[in-house]
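Visitor: If you scroll down you'll find the structure; I have some questions about it.
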Amino acid sequence: MSVSVASLLCLAAFVAASPAVAGSPGASDSLAGPVLLAPPQPGGAPADTAAESAPAPLLVPGRGNPSDSLTQDRRTRAREQLALGREFERAHAPAAAIAAYQNAIKLDPAIHDAAYRIGLLFLGANRVQEAVKAFAAEVEHDPGNLDAIRQLGMGLATLGEHARALAHLERLTRRHPGDGASWRALGVAHMMARRPREAEAALRRAITLPPALAIEHRDLGYVLAETGRETEARAEYRRAAAMDPKDATVWVNLANLDRRRGWKEQALAGYREAEKRDSSFVLALLGEAQVLREMARDEEAIEAYRRALVANPGDTGTRLELVRLCDAHGRRDVALEVARGGVRHDRRSGEARLILGMALQAAGDARAALDELRRAEALFPDAAGKERVRKLIAALRAEAPDSLRALFEADSVAHPAPLTPRRPAGAP
């Protein structure tokens, strides 16, 4: 896995500070709706009773309709749920925040800001398709929310719907020609559509409009770098860094440019500057680990990979890379602990079980490795994943000593190979 400037494109378009929703407790593809607000009303009077219900009261002129009060009560509770969602966001509980915002929408479908906040949280979890739906819902109920309109356009571009995205954002800039943020969004959409000339023009237009924003210079730096104008790109990145010293992505971009040149020490310094500004920025940590490996400083690379996993424990690709690196340096105890950490993070992950099985195999524990690989096989939903596991088991069986022959014979009986359809005679 290599870190490139292009990998920062989505980060340039969407900056969201919330943790990943998918890994949070209670998160799912279909989050729970609002809880019941009152117990069900009891049924009618028994059939044998002679009691009559009280007559309906006459409505007094000048007093509100009871249905108006009910509507007002629902709107009040919707606003309470909206405020609760913001509290959950501040507490770094994105799944709970989304549930609160969804409650607010169910109580008052026309409420402003709830769907927009949901969209931002989904962006933070890289669930772009769900984010786009949320932004579209916000725009429908609040056409004046310019940021929701911009985010909708950039989301469409991220999903590859370039024509829709560009038409959407060009219409926005025509309606608001003095809004720099809208021109910047259009520039981002042109970048994603691989139209660098148009992207540069839109971003330079954004830079001329107030307020002055570092992100506009950063995005322009990306366009210039991708078109081979590295000197100009570095100048834009330096402007962005001076305007916003806390922005870690600028330093990763500069480090990537240094790494392209083969300037490893400068690249390492850049990644570390990024890490100083954001210790959880995975791209900075992975860039640091990779350049350290290129410099044959594997012990430092191991520690950088471990920090990256702390920031993103669900990244099985990085976990496998670290397990292999530790094993290659004889640190099999560390490799096993790293592999077990993946299973602790997600016990239902076939990839995590597969990595643990490989680490156990490398440590010489064939019995435990076989158990984990069989668990991995059961957890993979697709045939390709299951076949990967079976190939590893076959390799493990081929390398096993005679003392483990009975173990693998029993395993073969318990897990017979799947039947493959016989080809008809004469088939190619």
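For the structure tokens, the naming scheme is as follows: chains receive sequential letters (A, B, ...) according to their order of presentation, residues are indexed from 1 within each chain, and ligands are indexed from 1 in presentation order.
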Please list as a list in words every residue within 12 Å of Gly317 (chain A), counting only C-alpha atoms and excluding residues in the same chain fewer than 4 positions away.

Guide: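 The neighbour list is Met1, Ser2, Leu286, Tyr305, Ala308, Leu309, Asn312, Pro313, Glu321, Leu322, Val323, Arg324, Ala339, Gly342, Glu351, Ala352, Leu354 and Ile355 of chain A.
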
Visitor: Generate the output file for the selected residues, N, CA, C and O atoms, as a compact mmCIF listing (two decimals), in the first residue's frame.

Guide:
```txt
# COMPACT_ATOMS: atom_id res chain seq x y z
N MET A 1 0.84 -1.17 0.00
CA MET A 1 0.00 0.00 0.00
C MET A 1 0.88 1.23 0.00
O MET A 1 1.69 1.39 0.86
N SER A 2 0.73 2.11 -0.96
CA SER A 2 1.56 3.30 -1.03
C SER A 2 0.69 4.51 -0.82
O SER A 2 -0.47 4.55 -1.19
N LEU A 286 1.24 5.96 8.02
CA LEU A 286 1.60 4.94 7.02
C LEU A 286 2.72 5.44 6.12
O LEU A 286 3.62 4.67 5.76
N TYR A 305 3.82 1.63 12.25
CA TYR A 305 2.66 0.81 11.89
C TYR A 305 1.75 0.58 13.11
O TYR A 305 0.52 0.60 12.99
N ALA A 308 -0.34 3.50 13.68
CA ALA A 308 -1.39 3.57 12.66
C ALA A 308 -2.55 2.66 13.02
O ALA A 308 -3.72 3.01 12.80
N LEU A 309 -2.26 1.50 13.58
CA LEU A 309 -3.34 0.58 13.97
C LEU A 309 -4.11 1.09 15.18
O LEU A 309 -5.30 0.83 15.31
N ASN A 312 -6.48 3.40 13.54
CA ASN A 312 -7.47 2.74 12.70
C ASN A 312 -7.36 1.23 12.88
O ASN A 312 -6.79 0.53 12.04
N PRO A 313 -7.92 0.71 13.97
CA PRO A 313 -7.74 -0.72 14.27
C PRO A 313 -8.41 -1.67 13.29
O PRO A 313 -8.08 -2.85 13.24
N GLU A 321 0.48 -6.31 7.08
CA GLU A 321 1.82 -5.82 6.78
C GLU A 321 2.70 -5.81 8.03
O GLU A 321 3.87 -6.20 7.99
N LEU A 322 2.13 -5.39 9.15
CA LEU A 322 2.89 -5.34 10.39
C LEU A 322 3.21 -6.73 10.90
O LEU A 322 4.33 -6.99 11.38
N VAL A 323 2.25 -7.65 10.81
CA VAL A 323 2.50 -9.03 11.25
C VAL A 323 3.64 -9.63 10.44
O VAL A 323 4.56 -10.26 10.99
N ARG A 324 3.63 -9.43 9.14
CA ARG A 324 4.70 -9.98 8.30
C ARG A 324 6.05 -9.35 8.62
O ARG A 324 7.08 -10.04 8.66
N ALA A 339 -1.78 -9.63 15.72
CA ALA A 339 -2.83 -10.42 15.08
C ALA A 339 -4.02 -10.63 16.02
O ALA A 339 -5.18 -10.51 15.60
N GLY A 342 -6.43 -7.71 16.21
CA GLY A 342 -7.44 -7.60 15.17
C GLY A 342 -8.69 -8.38 15.50
O GLY A 342 -9.81 -7.93 15.25
N GLU A 351 -11.08 -11.66 7.78
CA GLU A 351 -9.71 -11.21 7.53
C GLU A 351 -8.88 -11.24 8.81
O GLU A 351 -7.72 -11.66 8.80
N ALA A 352 -9.46 -10.75 9.91
CA ALA A 352 -8.72 -10.74 11.18
C ALA A 352 -8.40 -12.17 11.62
O ALA A 352 -7.29 -12.45 12.09
N LEU A 354 -8.08 -14.75 9.65
CA LEU A 354 -7.10 -15.27 8.71
C LEU A 354 -5.69 -14.81 9.10
O LEU A 354 -4.73 -15.60 9.10
N ILE A 355 -5.54 -13.53 9.45
CA ILE A 355 -4.23 -13.01 9.85
C ILE A 355 -3.74 -13.71 11.11
O ILE A 355 -2.56 -14.07 11.22
```

Visitor: Just to confirm, what's the straight-line distance from CA of Leu84 (chain A) to CA of Pro143 (chain A) in Å (one decimal)?

Guide: 24.1 Å

Visitor: A:Ala157, A:Leu120, A:Gly350, A:Met358: which is nearest Asp382 (chain A), counting only C-alpha atoms?

Guide: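 With only C-alpha atoms as the atom set, the closest residue is A:Gly350.
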
Visitor: Please identify which residues in region 120-208 of chain A DSSP calls alpha helix (DSSP H) from the backbone, and express them as a ChimeraX atom specification.

Guide: /A:120-124,128-141,146-158,162-175,180-192,196-208

Visitor: Residues near region 170-182 of chain A, anyone? I mean within 12 Å using only C-alpha atoms, not counting same-chain ones fewer than 5 positions away, as a ChimeraX atom specification.

Guide: /A:13,143-154,162-165,187-190,198,202-216

Visitor: Provide the CA of His217 (chain A) to CA of Trp183 (chain A) distance in Å, to one decimal place.

Guide: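 Calculated distance between CA of His217 (chain A) and CA of Trp183 (chain A) is 12.7 Å.
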
Visitor: One decimal, in Å: what's the spacing between CA of Tyr271 (chain A) and CA of Ala284 (chain A)?

Guide: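 These two atoms are separated by 5.1 Å.
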
Visitor: Which residue, A:Thr158, A:Arg297, A:Glu236, A:Asp219, has the smallest gap to Met192 (chain A) when you use only C-alpha atoms?

Guide: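 Closest to Met192 (chain A) of all the choices is A:Thr158.
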